[in-house]
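Visitor: Next up, coords_21.txt (compact mmCIF, C-alpha atoms and all ligand atoms).
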# COMPACT_ATOMS: atom_id res chain seq x y z
CA MET A 1 97.05 -68.34 37.01
CA LYS A 2 97.02 -65.11 34.96
CA THR A 3 97.20 -65.24 31.17
CA ILE A 4 99.15 -62.59 29.31
CA LEU A 5 99.17 -61.82 25.61
CA VAL A 6 102.72 -60.79 24.70
CA THR A 7 102.97 -59.48 21.13
CA GLY A 8 106.28 -59.39 19.27
CA GLY A 9 107.69 -61.90 21.73
CA SER A 10 110.07 -63.40 19.17
CA GLY A 11 111.97 -60.15 18.61
CA PHE A 12 114.91 -58.75 20.53
CA ILE A 13 113.31 -57.31 23.67
CA GLY A 14 110.19 -59.51 23.60
CA SER A 15 112.20 -62.74 23.63
CA ASN A 16 114.47 -61.47 26.39
CA PHE A 17 111.33 -60.50 28.33
CA ILE A 18 109.69 -63.93 27.99
CA GLN A 19 112.94 -65.64 29.03
CA TYR A 20 113.22 -63.22 31.96
CA LEU A 21 109.71 -64.19 33.18
CA PHE A 22 110.47 -67.90 32.90
CA LYS A 23 113.73 -67.42 34.81
CA LYS A 24 111.72 -65.71 37.56
CA ASN A 25 109.35 -68.68 37.53
CA GLU A 26 106.28 -66.42 37.49
CA GLU A 27 102.88 -68.13 37.81
CA ILE A 28 101.60 -66.94 34.44
CA PHE A 29 100.58 -68.39 31.10
CA ILE A 30 102.07 -66.53 28.13
CA VAL A 31 100.69 -66.44 24.61
CA ASN A 32 103.25 -64.97 22.22
CA LEU A 33 101.63 -63.51 19.08
CA ASP A 34 104.36 -62.73 16.57
CA TYR A 35 104.19 -62.33 12.81
CA LEU A 36 107.81 -63.46 12.43
CA THR A 37 108.90 -60.63 10.19
CA TYR A 38 112.60 -60.47 9.35
CA ALA A 39 113.16 -59.32 12.97
CA GLY A 40 111.32 -62.17 14.68
CA ASN A 41 113.03 -65.46 15.23
CA PRO A 42 111.49 -68.51 16.99
CA GLU A 43 115.05 -69.71 17.75
CA ASN A 44 115.23 -66.94 20.38
CA LEU A 45 112.76 -68.89 22.52
CA LYS A 46 113.96 -72.43 21.83
CA PRO A 47 114.68 -73.13 25.55
CA ILE A 48 111.04 -72.59 26.58
CA GLU A 49 109.28 -73.70 23.40
CA SER A 50 107.72 -76.80 24.96
CA ASN A 51 106.97 -75.28 28.37
CA LYS A 52 103.32 -75.90 29.38
CA LYS A 53 102.96 -72.26 30.40
CA TYR A 54 103.86 -70.98 26.92
CA LYS A 55 102.08 -70.93 23.57
CA PHE A 56 103.39 -69.44 20.32
CA ILE A 57 101.02 -68.15 17.64
CA GLN A 58 102.33 -66.86 14.35
CA GLY A 59 100.16 -63.96 13.23
CA ASP A 60 99.70 -60.26 12.63
CA ILE A 61 98.51 -57.86 15.34
CA CYS A 62 96.58 -56.05 12.57
CA ASN A 63 94.49 -59.19 11.99
CA GLN A 64 91.36 -58.37 14.01
CA GLU A 65 89.74 -61.78 13.51
CA LEU A 66 92.81 -63.56 14.80
CA VAL A 67 93.15 -61.26 17.82
CA GLU A 68 89.45 -61.79 18.62
CA PHE A 69 89.86 -65.55 18.27
CA LEU A 70 92.79 -65.46 20.71
CA PHE A 71 90.87 -63.36 23.26
CA ASN A 72 87.99 -65.85 23.10
CA GLU A 73 90.32 -68.80 23.39
CA TYR A 74 92.58 -67.55 26.21
CA ASN A 75 90.59 -64.92 28.09
CA PHE A 76 93.63 -62.67 28.59
CA ASP A 77 94.08 -60.72 31.80
CA SER A 78 96.72 -58.45 30.28
CA VAL A 79 98.35 -57.42 27.04
CA ILE A 80 101.98 -56.32 26.65
CA ASN A 81 102.51 -54.88 23.17
CA PHE A 82 106.12 -55.20 21.98
CA ALA A 83 105.18 -55.91 18.35
CA ALA A 84 106.46 -53.18 16.06
CA GLU A 85 108.58 -52.25 13.14
CA SER A 86 111.51 -50.94 15.13
CA HIS A 87 114.33 -49.73 12.87
CA VAL A 88 114.59 -45.99 12.13
CA ASP A 89 116.55 -46.40 8.87
CA ARG A 90 113.92 -48.73 7.42
CA SER A 91 111.19 -46.25 8.36
CA ILE A 92 112.96 -43.60 6.29
CA HIS A 93 113.07 -46.02 3.38
CA ASN A 94 109.44 -47.20 3.65
CA PRO A 95 107.20 -45.57 6.29
CA ASN A 96 103.98 -47.38 5.34
CA ILE A 97 104.55 -50.64 7.14
CA PHE A 98 105.48 -48.66 10.28
CA ILE A 99 102.14 -46.85 10.14
CA LYS A 100 100.30 -50.13 9.58
CA THR A 101 101.91 -52.22 12.31
CA ASN A 102 102.75 -49.59 14.91
CA VAL A 103 99.57 -47.51 14.63
CA MET A 104 96.86 -49.76 13.17
CA GLY A 105 98.18 -52.87 14.93
CA THR A 106 98.13 -51.16 18.31
CA ALA A 107 94.61 -49.83 17.64
CA THR A 108 93.43 -53.34 16.72
CA LEU A 109 94.75 -54.77 19.99
CA LEU A 110 93.16 -51.94 22.00
CA ASN A 111 89.77 -52.29 20.31
CA VAL A 112 89.55 -56.04 20.70
CA ALA A 113 90.68 -55.88 24.36
CA LYS A 114 88.18 -53.11 25.09
CA ARG A 115 85.32 -55.05 23.52
CA PHE A 116 86.30 -58.30 25.15
CA TRP A 117 86.82 -56.84 28.65
CA LYS A 118 83.37 -55.20 28.37
CA ASN A 119 84.09 -52.17 30.58
CA ASN A 120 85.00 -54.46 33.46
CA TYR A 121 88.62 -53.50 33.85
CA LYS A 122 89.30 -54.86 37.33
CA ASN A 123 92.73 -56.56 37.30
CA LYS A 124 93.09 -55.92 33.56
CA LYS A 125 96.12 -54.14 32.07
CA PHE A 126 97.28 -53.04 28.62
CA LEU A 127 100.96 -52.11 28.58
CA GLN A 128 102.26 -50.29 25.52
CA ILE A 129 106.04 -50.64 25.01
CA SER A 130 107.05 -47.25 23.70
CA THR A 131 110.33 -45.43 23.20
CA ASP A 132 112.22 -42.29 24.22
CA GLU A 133 112.28 -41.34 20.52
CA VAL A 134 108.74 -39.94 20.88
CA TYR A 135 110.33 -36.93 22.65
CA GLY A 136 112.51 -35.99 19.67
CA THR A 137 116.00 -34.73 20.38
CA LEU A 138 117.91 -32.95 23.18
CA PRO A 139 120.46 -30.12 23.15
CA GLU A 140 123.95 -31.55 22.88
CA ASN A 141 125.66 -29.22 25.31
CA ASP A 142 123.29 -29.06 28.26
CA LYS A 143 123.70 -32.34 30.14
CA ASN A 144 121.15 -31.19 32.76
CA VAL A 145 118.32 -31.37 30.25
CA LYS A 146 116.82 -34.86 29.88
CA PHE A 147 113.52 -36.35 28.73
CA THR A 148 110.95 -36.44 31.52
CA GLU A 149 107.42 -37.86 31.19
CA GLN A 150 106.26 -34.23 30.76
CA THR A 151 108.55 -33.47 27.81
CA LYS A 152 106.60 -32.44 24.71
CA LEU A 153 106.16 -35.24 22.16
CA GLN A 154 108.12 -34.15 19.09
CA PRO A 155 109.07 -37.17 16.97
CA HIS A 156 111.20 -36.74 13.85
CA SER A 157 111.42 -40.07 12.03
CA PRO A 158 108.48 -42.00 10.54
CA TYR A 159 109.33 -44.71 13.13
CA SER A 160 109.11 -42.37 16.11
CA ALA A 161 106.05 -40.61 14.65
CA SER A 162 104.29 -43.98 14.36
CA LYS A 163 105.20 -44.85 17.97
CA THR A 164 103.99 -41.40 19.11
CA SER A 165 100.68 -41.89 17.29
CA ALA A 166 100.26 -45.24 19.03
CA ASP A 167 101.04 -43.66 22.42
CA CYS A 168 98.44 -40.93 21.84
CA ILE A 169 95.78 -43.48 20.89
CA VAL A 170 96.63 -45.68 23.91
CA GLN A 171 96.53 -42.65 26.23
CA SER A 172 93.20 -41.52 24.71
CA TYR A 173 91.59 -44.85 25.67
CA PHE A 174 92.39 -44.11 29.30
CA ASP A 175 91.33 -40.46 29.11
CA THR A 176 88.07 -41.29 27.31
CA PHE A 177 87.07 -44.76 28.50
CA LYS A 178 89.18 -45.29 31.65
CA PHE A 179 90.59 -48.27 29.75
CA PRO A 180 93.46 -49.63 31.94
CA ILE A 181 96.60 -48.60 30.07
CA LEU A 182 100.25 -48.17 31.04
CA ILE A 183 103.00 -46.80 28.78
CA THR A 184 106.75 -47.28 29.15
CA ARG A 185 109.30 -45.21 27.22
CA CYS A 186 112.78 -46.66 27.23
CA SER A 187 116.12 -45.59 25.84
CA ASN A 188 118.39 -47.70 23.57
CA ASN A 189 118.72 -51.37 24.57
CA TYR A 190 121.66 -53.68 23.95
CA GLY A 191 122.20 -57.37 24.67
CA PRO A 192 121.67 -60.83 23.14
CA TYR A 193 119.29 -61.53 20.23
CA GLN A 194 119.35 -58.00 18.76
CA PHE A 195 119.02 -58.01 14.98
CA PRO A 196 122.37 -57.01 13.42
CA GLU A 197 120.95 -53.95 11.66
CA LYS A 198 121.13 -51.98 14.94
CA LEU A 199 124.37 -50.19 15.88
CA ILE A 200 125.97 -52.53 18.45
CA PRO A 201 125.36 -55.95 16.82
CA LEU A 202 126.08 -54.49 13.36
CA ILE A 203 129.45 -53.12 14.48
CA ILE A 204 130.35 -56.42 16.19
CA HIS A 205 129.38 -58.39 13.07
CA ASN A 206 131.24 -56.12 10.64
CA ALA A 207 134.34 -55.87 12.83
CA LEU A 208 134.55 -59.66 13.15
CA ASN A 209 134.37 -59.90 9.35
CA ASN A 210 136.83 -57.02 8.81
CA LYS A 211 134.14 -55.06 6.99
CA PRO A 212 133.86 -51.22 7.11
CA LEU A 213 131.96 -49.85 10.11
CA PRO A 214 129.46 -47.23 8.86
CA ILE A 215 129.36 -44.22 11.18
CA TYR A 216 126.61 -41.76 10.34
CA GLY A 217 127.70 -38.10 10.16
CA ASP A 218 130.35 -37.19 12.72
CA GLY A 219 129.51 -40.11 15.04
CA LYS A 220 129.07 -37.76 18.00
CA GLN A 221 125.36 -38.45 18.43
CA VAL A 222 124.52 -39.55 21.96
CA ARG A 223 122.32 -42.44 23.08
CA ASP A 224 121.50 -43.55 26.66
CA TRP A 225 122.23 -47.31 26.70
CA LEU A 226 120.43 -49.84 28.90
CA TYR A 227 121.07 -53.58 29.17
CA VAL A 228 118.00 -55.41 27.85
CA GLU A 229 117.43 -57.43 31.04
CA ASP A 230 117.20 -54.18 33.00
CA HIS A 231 114.51 -53.04 30.56
CA CYS A 232 112.63 -56.34 31.08
CA ASP A 233 112.83 -55.91 34.84
CA ALA A 234 111.51 -52.35 34.57
CA ILE A 235 108.60 -53.48 32.37
CA TRP A 236 107.63 -56.16 34.88
CA THR A 237 107.87 -53.62 37.69
CA VAL A 238 105.53 -51.26 35.83
CA MET A 239 103.12 -54.14 35.10
CA ASN A 240 102.93 -55.03 38.78
CA LYS A 241 103.25 -51.70 40.54
CA GLY A 242 102.56 -48.96 37.97
CA ASN A 243 99.57 -46.65 38.32
CA ILE A 244 96.98 -47.18 35.62
CA GLY A 245 96.85 -44.36 33.06
CA GLU A 246 100.49 -43.34 33.58
CA VAL A 247 103.67 -43.14 31.56
CA TYR A 248 107.04 -44.33 32.94
CA ASN A 249 110.39 -43.41 31.42
CA ILE A 250 113.06 -46.11 31.65
CA GLY A 251 116.76 -45.37 31.20
CA GLY A 252 120.26 -46.32 32.20
CA ASN A 253 121.72 -42.89 33.02
CA ASN A 254 124.41 -43.96 30.60
CA GLU A 255 124.99 -41.45 27.81
CA ILE A 256 127.65 -42.41 25.28
CA GLN A 257 128.60 -41.05 21.86
CA ASN A 258 128.22 -43.58 19.03
CA ILE A 259 131.87 -43.29 18.04
CA GLU A 260 132.98 -44.11 21.61
CA ILE A 261 130.96 -47.34 21.60
CA VAL A 262 132.41 -48.31 18.24
CA LYS A 263 135.96 -47.75 19.51
CA GLN A 264 135.25 -49.78 22.67
CA ILE A 265 133.97 -52.69 20.57
CA LEU A 266 137.03 -52.55 18.29
CA ASP A 267 139.39 -52.48 21.29
CA TYR A 268 137.60 -55.42 22.94
CA LEU A 269 137.91 -57.45 19.72
CA GLU A 270 141.48 -56.22 19.17
CA LYS A 271 140.55 -54.90 15.73
CA SER A 272 141.98 -51.84 13.98
CA HIS A 273 140.26 -48.45 14.22
CA SER A 274 140.93 -48.11 10.50
CA LEU A 275 137.69 -50.08 9.92
CA ILE A 276 135.78 -46.95 11.02
CA THR A 277 134.17 -45.40 7.93
CA TYR A 278 132.28 -42.11 8.15
CA VAL A 279 129.23 -42.16 5.85
CA LYS A 280 126.37 -39.82 4.95
CA ASP A 281 124.28 -38.89 7.99
CA ARG A 282 120.86 -40.45 8.66
CA LEU A 283 118.08 -38.08 7.47
CA GLY A 284 116.55 -36.14 10.38
CA HIS A 285 119.07 -37.77 12.74
CA ASP A 286 118.28 -37.03 16.40
CA ARG A 287 121.41 -35.70 18.09
CA ARG A 288 121.01 -36.76 21.70
CA TYR A 289 118.70 -38.92 23.81
CA ALA A 290 118.87 -39.03 27.61
CA ILE A 291 116.23 -40.27 30.01
CA ASP A 292 115.30 -38.79 33.35
CA ALA A 293 114.19 -41.99 35.11
CA SER A 294 113.52 -40.40 38.50
CA LYS A 295 109.77 -41.15 38.40
CA ILE A 296 110.14 -44.94 38.13
CA LYS A 297 112.89 -44.87 40.77
CA LYS A 298 110.93 -42.75 43.23
CA GLU A 299 107.46 -44.21 42.72
CA LEU A 300 108.20 -47.86 41.87
CA ASP A 301 111.65 -48.26 43.45
CA TRP A 302 113.23 -49.42 40.17
CA SER A 303 116.77 -48.71 38.99
CA PRO A 304 119.11 -50.59 36.63
CA LYS A 305 121.27 -53.40 38.05
CA TYR A 306 123.80 -53.77 35.26
CA LYS A 307 126.76 -51.58 34.29
CA PHE A 308 127.61 -50.81 30.67
CA GLU A 309 131.34 -51.51 31.30
CA ASP A 310 130.47 -55.10 32.30
CA MET A 311 127.61 -55.88 29.96
CA ILE A 312 129.11 -54.61 26.69
CA GLY A 313 131.79 -57.32 27.02
CA GLU A 314 129.15 -59.95 27.90
CA THR A 315 127.16 -58.84 24.86
CA ILE A 316 130.16 -59.06 22.52
CA ASN A 317 130.92 -62.53 23.90
CA TRP A 318 127.31 -63.61 23.25
CA TYR A 319 127.62 -62.64 19.58
CA LEU A 320 130.99 -64.41 19.39
CA ASP A 321 129.47 -67.58 20.87
CA ASN A 322 126.35 -67.38 18.68
CA SER A 323 127.76 -66.72 15.24
CA ASN A 324 125.31 -69.26 13.78
CA TRP A 325 122.37 -67.28 15.13
CA VAL A 326 123.72 -64.18 13.36
CA LYS A 327 124.34 -66.10 10.15
CA ASN A 328 120.80 -67.48 10.16
CA VAL A 329 119.01 -64.19 10.82
CA ILE A 330 120.81 -62.28 8.10
CA SER A 331 120.23 -64.85 5.38
CA GLY A 332 117.28 -66.62 3.76
CA ASP A 333 113.96 -65.43 5.09
CA TYR A 334 115.39 -62.07 5.98
CA LEU A 335 116.32 -61.31 2.40
CA LYS A 336 113.01 -62.69 1.11
CA TRP A 337 111.09 -60.50 3.54
CA ILE A 338 113.06 -57.41 2.56
CA ASP A 339 112.26 -58.15 -1.09
CA THR A 340 108.52 -58.32 -0.53
CA ASN A 341 108.13 -55.55 2.00
CA TYR A 342 110.78 -52.95 1.31
CA LYS A 343 110.90 -52.69 -2.46
P1 LIG A 401 112.40 -56.09 17.06
O1 LIG A 401 112.32 -55.47 15.71
O2 LIG A 401 113.61 -56.85 17.44
O3 LIG A 401 111.15 -57.05 17.29
C1 LIG A 401 109.86 -56.74 16.88
C2 LIG A 401 109.03 -58.03 16.89
O4 LIG A 401 107.70 -57.69 16.50
C3 LIG A 401 109.54 -59.10 15.91
O5 LIG A 401 109.55 -60.36 16.54
C4 LIG A 401 108.52 -59.06 14.79
O6 LIG A 401 108.37 -60.32 14.13
C5 LIG A 401 107.26 -58.66 15.54
N1 LIG A 401 106.28 -58.02 14.66
C6 LIG A 401 106.48 -57.03 13.75
N2 LIG A 401 105.35 -56.73 13.13
C7 LIG A 401 104.38 -57.52 13.66
C8 LIG A 401 102.99 -57.66 13.45
N3 LIG A 401 102.34 -56.92 12.53
N4 LIG A 401 102.31 -58.54 14.19
C9 LIG A 401 102.93 -59.31 15.12
N5 LIG A 401 104.26 -59.23 15.36
C10 LIG A 401 104.98 -58.33 14.63
O7 LIG A 401 112.13 -54.89 18.07
P2 LIG A 401 112.69 -54.66 19.56
O8 LIG A 401 113.95 -53.92 19.47
O9 LIG A 401 112.61 -55.93 20.32
O10 LIG A 401 111.58 -53.65 20.10
C11 LIG A 401 110.40 -54.15 20.74
C12 LIG A 401 109.55 -52.96 21.16
O11 LIG A 401 110.30 -52.12 22.04
C13 LIG A 401 109.12 -52.07 20.00
O12 LIG A 401 107.80 -51.66 20.23
C14 LIG A 401 110.08 -50.88 20.06
O13 LIG A 401 109.46 -49.72 19.55
C15 LIG A 401 110.32 -50.78 21.56
N6 LIG A 401 111.64 -50.23 21.98
C16 LIG A 401 112.81 -50.73 21.48
C17 LIG A 401 114.02 -50.23 21.96
C18 LIG A 401 115.35 -50.77 21.47
O14 LIG A 401 116.38 -50.22 21.82
N7 LIG A 401 115.39 -51.83 20.68
C19 LIG A 401 114.03 -49.24 22.93
C20 LIG A 401 112.80 -48.73 23.39
C21 LIG A 401 111.62 -49.25 22.92
O1 LIG A 402 115.98 -44.92 21.72
C1 LIG A 402 115.24 -46.08 21.58
C2 LIG A 402 115.30 -46.57 20.15
O2 LIG A 402 116.62 -47.10 19.96
C3 LIG A 402 114.26 -47.62 19.81
O3 LIG A 402 112.98 -47.04 19.91
C4 LIG A 402 114.47 -48.17 18.39
O4 LIG A 402 113.56 -49.22 18.15
C5 LIG A 402 115.89 -48.71 18.30
O5 LIG A 402 116.14 -49.15 16.98
C6 LIG A 402 116.90 -47.63 18.69
O6 LIG A 402 116.91 -46.56 17.69
P1 LIG A 402 118.28 -45.86 17.23
O7 LIG A 402 118.05 -45.26 15.91
O8 LIG A 402 118.82 -44.99 18.30
O9 LIG A 402 119.23 -47.17 17.14
P2 LIG A 402 120.30 -47.64 16.04
O10 LIG A 402 120.98 -48.83 16.62
O11 LIG A 402 119.70 -47.75 14.69
O12 LIG A 402 121.32 -46.42 16.01
C7 LIG A 402 122.00 -45.99 17.17
C8 LIG A 402 122.84 -44.79 16.78
O13 LIG A 402 123.89 -45.23 15.91
C9 LIG A 402 122.08 -43.73 16.00
O14 LIG A 402 122.58 -42.45 16.36
C10 LIG A 402 122.43 -44.02 14.54
C11 LIG A 402 123.83 -44.57 14.64
N1 LIG A 402 124.20 -45.56 13.60
C12 LIG A 402 123.39 -46.65 13.44
C13 LIG A 402 123.67 -47.61 12.51
C14 LIG A 402 122.76 -48.79 12.30
C15 LIG A 402 125.37 -45.43 12.87
O15 LIG A 402 126.13 -44.44 13.03
N2 LIG A 402 125.68 -46.39 11.94
C16 LIG A 402 124.87 -47.47 11.72
O16 LIG A 402 125.18 -48.30 10.82
Represent the supplied structure as C-alpha cells.
Ligand code: NAD
Ligand code: DAU

Guide:
Amino acid sequence: MKTILVTGGSGFIGSNFIQYLFKKNEEIFIVNLDYLTYAGNPENLKPIESNKKYKFIQGDICNQELVEFLFNEYNFDSVINFAAESHVDRSIHNPNIFIKTNVMGTATLLNVAKRFWKNNYKNKKFLQISTDEVYGTLPENDKNVKFTEQTKLQPHSPYSASKTSADCIVQSYFDTFKFPILITRCSNNYGPYQFPEKLIPLIIHNALNNKPLPIYGDGKQVRDWLYVEDHCDAIWTVMNKGNIGEVYNIGGNNEIQNIEIVKQILDYLEKSHSLITYVKDRLGHDRRYAIDASKIKKELDWSPKYKFEDMIGETINWYLDNSNWVKNVISGDYLKWIDTNYK
C-alpha cells in the first residue's frame, strides 16, 4: 500500500480531496499534515477521522524537524502539497506569512523529500498544488486568449507572487536534480467546506443574514469556476498519469463575471438585489482569469464532470444545511488567529 503525505488536508480543497480518495476506496495510507490555521478545520474530515488508512498530524510545513520525523516514521512514496495561505485580500494586508508558508514551507518539504529519497526517485512523486493566478491577468475583451502552460508567469498579488516563487523552486528541482515533480494550476474552486472569506461562501453567508454584499470595483471581473470535486479528480489524474517534470492547467471552461454569480445566488435564495453594495476595488485586482485546459484533456483524458448551473445550487444548499459549520469557523479560534497573525 502506498503512503502519501497530504499537506493542508484540513482546508477547503485538501479536505475535499481526502474525502474524494476515501470515496474511491483507493489502496493508500494518507498522512494529513495541517497546521490548523484559521482556514483549517478538523471537522471537515470527521467522517474518516478514525479510518485505519488515515492519520492526522497537526504541524507546520516550515518545521523541518517535524517533516523529517514524519518521513522517517512513514516512508512516504508521494507528497501532495495543498498547504498554503490562500486568500488574496489577506496577502495584501500582510504578505509575510504568505512568503513563509507558501515559499519556505514548500522549500522545506522539497528538501526533506529530496534528502530522504536519496536520489532514488523510482515511483516517487511530489505534486505542487498551484494556481492560475501565477499567470497574472487576461485581456477582458478577447475571449480567445486564455492561460496555457506556456503563458508567461506574471503574478500581481503577494499571494500569487508567493505561489509563483514556489512553482519556480519546485520546477528548478526537476531541472537541476531530476527530482520527480508535477505542478497543477487550477482556476477558482467552489463547493462545500470553503472558508466564508472567499466570494461564493461569503455572499451566501451575508445574503442569508441580510448583510451588505461587498462587490469590489465594478464587479465585472471574470473568474473561471470549477466544482471542487472536479479539481480533486484532475489532481488524482495528474498524480497517476501525469508526466514527471510537467505542469498541467486545470479549468472548467466556465467564465463568469463576479456580479453575475452574486445575482444568481440572490435569486436562488430569493433575496433582494438591493443587498449588493459596490465597494473600493481590491488593490492590483486581476481583471480576468480563464484556463486553456486542452493539455490535460488531450494527454490525460481529463475533463470536468459537473456543470456550474447544477453545482451552484448544490453548494448553496450545503451552506444552508451546514450553518453550524459556518458559525464555528467564523468564531473563536478564527478571531484569535487573526489577532496573532494579522495585526
Ligand atoms: P485553504 O486556505 O482553505 O486551506 C489551506 C490549508 O493549509 C488549511 O487547512 C491550513 O490550516 C493549512 N495550512 C496553512 N499554513 C500551513 C502550514 N504552515 N503548515 C501546514 N498547514 C498549513 O486553501 P484552499 O482553497 O483549500 O487551497 C489549497 C491549495 O490550492 C492552495 O495551495 C491554493 O493556493 C491552491 N488553489 C486554490 C484554489 C481555490 O480556488 N481555492 C484554486 C487553485 C489553487
Ligand atoms: O484562481 C484561483 C484562486 O482563486 C486561488 O489561487 C485562490 O487561493 C482563491 O482564493 C481564489 O482567488 P480569488 O481572489 O479569485 O478568489 P476570491 O473568492 O477572493 O474572489 C473572487 C472574485 O470576487 C475576485 O475578483 C474578487 C471578488 N470579490 C471577492 C470577495 C471576497 C468581491 O468582489 N468581493 C468580496 O468580498

Visitor: Just the residues within 8 Å of Ser10 (chain A), please, counting only C-alpha atoms, with nothing from its chain fewer than 4 positions along; format it as a PyMOL selection string.

Guide: chain A and resi 14-15+32+34+36+40-42+44-45

Visitor: Between A:Thr315, A:Ser331, A:Ser172, A:Asn210, which is the closest to Thr277 (chain A) once you count only C-alpha atoms?

Guide: A:Asn210

Visitor: Would you mind listing the residues within 8 Å of ligand LIG 402 (chain A), counting only C-alpha atoms and all ligand atoms, as a PyMOL selection string?

Guide: chain A and resi 85-89+130-133+159-160+186-189+197-200+202-203+213-217+219+221-224+258-259+281-282+285-289

Visitor: (99.9, -66.4, 22.9) in this file's frame - what residues fall within 7 Å of it? Use only C-alpha atoms and give the answer as a VMD selection string.

Guide: chain A and resid 5 to 6 30 to 33 55 to 57

Visitor: With C-alpha atoms retained, could you export that selection as a PDB file, keeping the file's coordinate frame?

Guide:
ATOM      1  CA  LEU A   5      99.170 -61.820  25.610  1.00  0.00           C
ATOM      2  CA  VAL A   6     102.720 -60.790  24.700  1.00  0.00           C
ATOM      3  CA  ILE A  30     102.070 -66.530  28.130  1.00  0.00           C
ATOM      4  CA  VAL A  31     100.690 -66.440  24.610  1.00  0.00           C
ATOM      5  CA  ASN A  32     103.250 -64.970  22.220  1.00  0.00           C
ATOM      6  CA  LEU A  33     101.630 -63.510  19.080  1.00  0.00           C
ATOM      7  CA  LYS A  55     102.080 -70.930  23.570  1.00  0.00           C
ATOM      8  CA  PHE A  56     103.390 -69.440  20.320  1.00  0.00           C
ATOM      9  CA  ILE A  57     101.020 -68.150  17.640  1.00  0.00           C
TER      10      ILE A  57
END

Visitor: Neighbouring residues of Asn75 (chain A) were defined as those with any atom within 12 Å, considering all atoms listed in the file; residues of the same chain fewer than 6 positions away were excluded. Please report them as a list in words.

Guide: Met1, Lys2, Thr3, Ile4, Leu5, Phe29, Ile30, Val31, Val67, Glu68, Phe69, Val112, Ala113, Phe116, Trp117 and Lys124 of chain A

Visitor: Restricting it to C-alpha atoms, dump the selection as a short mmCIF file (atom, residue, chain, number, x, y, z; two decimals), keeping the file's coordinate frame.

Guide:
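What landed in part-v7.cif:
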data_model
loop_
_atom_site.label_atom_id
_atom_site.label_comp_id
_atom_site.auth_asym_id
_atom_site.auth_seq_id
_atom_site.Cartn_x
_atom_site.Cartn_y
_atom_site.Cartn_z
CA MET A 1 97.05 -68.34 37.01
CA LYS A 2 97.02 -65.11 34.96
CA THR A 3 97.20 -65.24 31.17
CA ILE A 4 99.15 -62.59 29.31
CA LEU A 5 99.17 -61.82 25.61
CA PHE A 29 100.58 -68.39 31.10
CA ILE A 30 102.07 -66.53 28.13
CA VAL A 31 100.69 -66.44 24.61
CA VAL A 67 93.15 -61.26 17.82
CA GLU A 68 89.45 -61.79 18.62
CA PHE A 69 89.86 -65.55 18.27
CA VAL A 112 89.55 -56.04 20.70
CA ALA A 113 90.68 -55.88 24.36
CA PHE A 116 86.30 -58.30 25.15
CA TRP A 117 86.82 -56.84 28.65
CA LYS A 124 93.09 -55.92 33.56
#

Visitor: Given only C-alpha atoms and all ligand atoms as the basis, pick out the residue of A:Lys163, A:Arg115, A:His93, A:Lys146 nearest to ligand LIG 401 (chain A).

Guide: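 Closest to ligand LIG 401 (chain A) of all the choices is A:Lys163.
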
Visitor: Between A:Pro212, A:Pro139, A:Pro95, A:Gly191, which is the closest to Ile276 (chain A) once you count only C-alpha atoms?

Guide: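 Result for the nearest residue to Ile276 (chain A): A:Pro212.
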
Visitor: Write out as a ChimeraX atom specification each polymer residue whose atoms come within 12 Å of Lys178 (chain A), counting all atoms listed in the file; drop sequence neighbours fewer than 2 positions from it.

Guide: /A:114,118-122,124-126,170-176,180-182,244-246

Visitor: In Å, how far is it from CA of Glu149 (chain A) to CA of Met104 (chain A)?

Guide: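 About the pair CA of Glu149 (chain A) and CA of Met104 (chain A): they are 24.0 Å apart.
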
Visitor: Please give the centre and size of the box around ligand LIG 401 (chain A) (axis-aligned, containing every atom listed in the file, 8 Å added per side), with values in Å to one decimal and written as JSON.

Guide:
{"center_x": 109.3, "center_y": -54.5, "center_z": 18.0, "size_x": 30.1, "size_y": 27.6, "size_z": 26.9}

Visitor: In the coordinate frame of the file, compute which residues have an atom within 12 Å of (126.9, -47.5, 28.6) when using all atoms listed in the file, and state them as number ranges by chain.

Guide: A: 187-191, 200, 222-228, 251-258, 260-262, 264-265, 290, 304, 306-313, 315

Visitor: Rebuild region 53-62 of chain A to N, CA and C atoms - output it as a PDB file, in the coordinates of the input, please.

Guide:
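The resulting file, out_20.pdb, is reproduced below:
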ATOM      1  N   LYS A  53     103.511 -73.587  30.116  1.00  0.00           N
ATOM      2  CA  LYS A  53     102.960 -72.260  30.400  1.00  0.00           C
ATOM      3  C   LYS A  53     103.219 -71.284  29.249  1.00  0.00           C
ATOM      4  N   TYR A  54     103.521 -71.845  28.060  1.00  0.00           N
ATOM      5  CA  TYR A  54     103.860 -70.980  26.920  1.00  0.00           C
ATOM      6  C   TYR A  54     103.200 -71.486  25.648  1.00  0.00           C
ATOM      7  N   LYS A  55     102.653 -70.553  24.855  1.00  0.00           N
ATOM      8  CA  LYS A  55     102.080 -70.930  23.570  1.00  0.00           C
ATOM      9  C   LYS A  55     102.488 -69.885  22.528  1.00  0.00           C
ATOM     10  N   PHE A  56     103.009 -70.351  21.402  1.00  0.00           N
ATOM     11  CA  PHE A  56     103.390 -69.440  20.320  1.00  0.00           C
ATOM     12  C   PHE A  56     102.341 -69.444  19.218  1.00  0.00           C
ATOM     13  N   ILE A  57     101.932 -68.268  18.781  1.00  0.00           N
ATOM     14  CA  ILE A  57     101.020 -68.150  17.640  1.00  0.00           C
ATOM     15  C   ILE A  57     101.663 -67.240  16.608  1.00  0.00           C
ATOM     16  N   GLN A  58     101.809 -67.735  15.397  1.00  0.00           N
ATOM     17  CA  GLN A  58     102.330 -66.860  14.350  1.00  0.00           C
ATOM     18  C   GLN A  58     101.185 -66.078  13.729  1.00  0.00           C
ATOM     19  N   GLY A  59     101.234 -64.759  13.816  1.00  0.00           N
ATOM     20  CA  GLY A  59     100.160 -63.960  13.230  1.00  0.00           C
ATOM     21  C   GLY A  59     100.405 -62.480  13.419  1.00  0.00           C
ATOM     22  N   ASP A  60      99.538 -61.714  12.744  1.00  0.00           N
ATOM     23  CA  ASP A  60      99.700 -60.260  12.630  1.00  0.00           C
ATOM     24  C   ASP A  60      98.804 -59.555  13.653  1.00  0.00           C
ATOM     25  N   ILE A  61      99.350 -58.597  14.377  1.00  0.00           N
ATOM     26  CA  ILE A  61      98.510 -57.860  15.340  1.00  0.00           C
ATOM     27  C   ILE A  61      97.443 -57.018  14.637  1.00  0.00           C
ATOM     28  N   CYS A  62      97.604 -56.804  13.318  1.00  0.00           N
ATOM     29  CA  CYS A  62      96.580 -56.050  12.570  1.00  0.00           C
ATOM     30  C   CYS A  62      95.397 -56.942  12.183  1.00  0.00           C
TER      31      CYS A  62
END
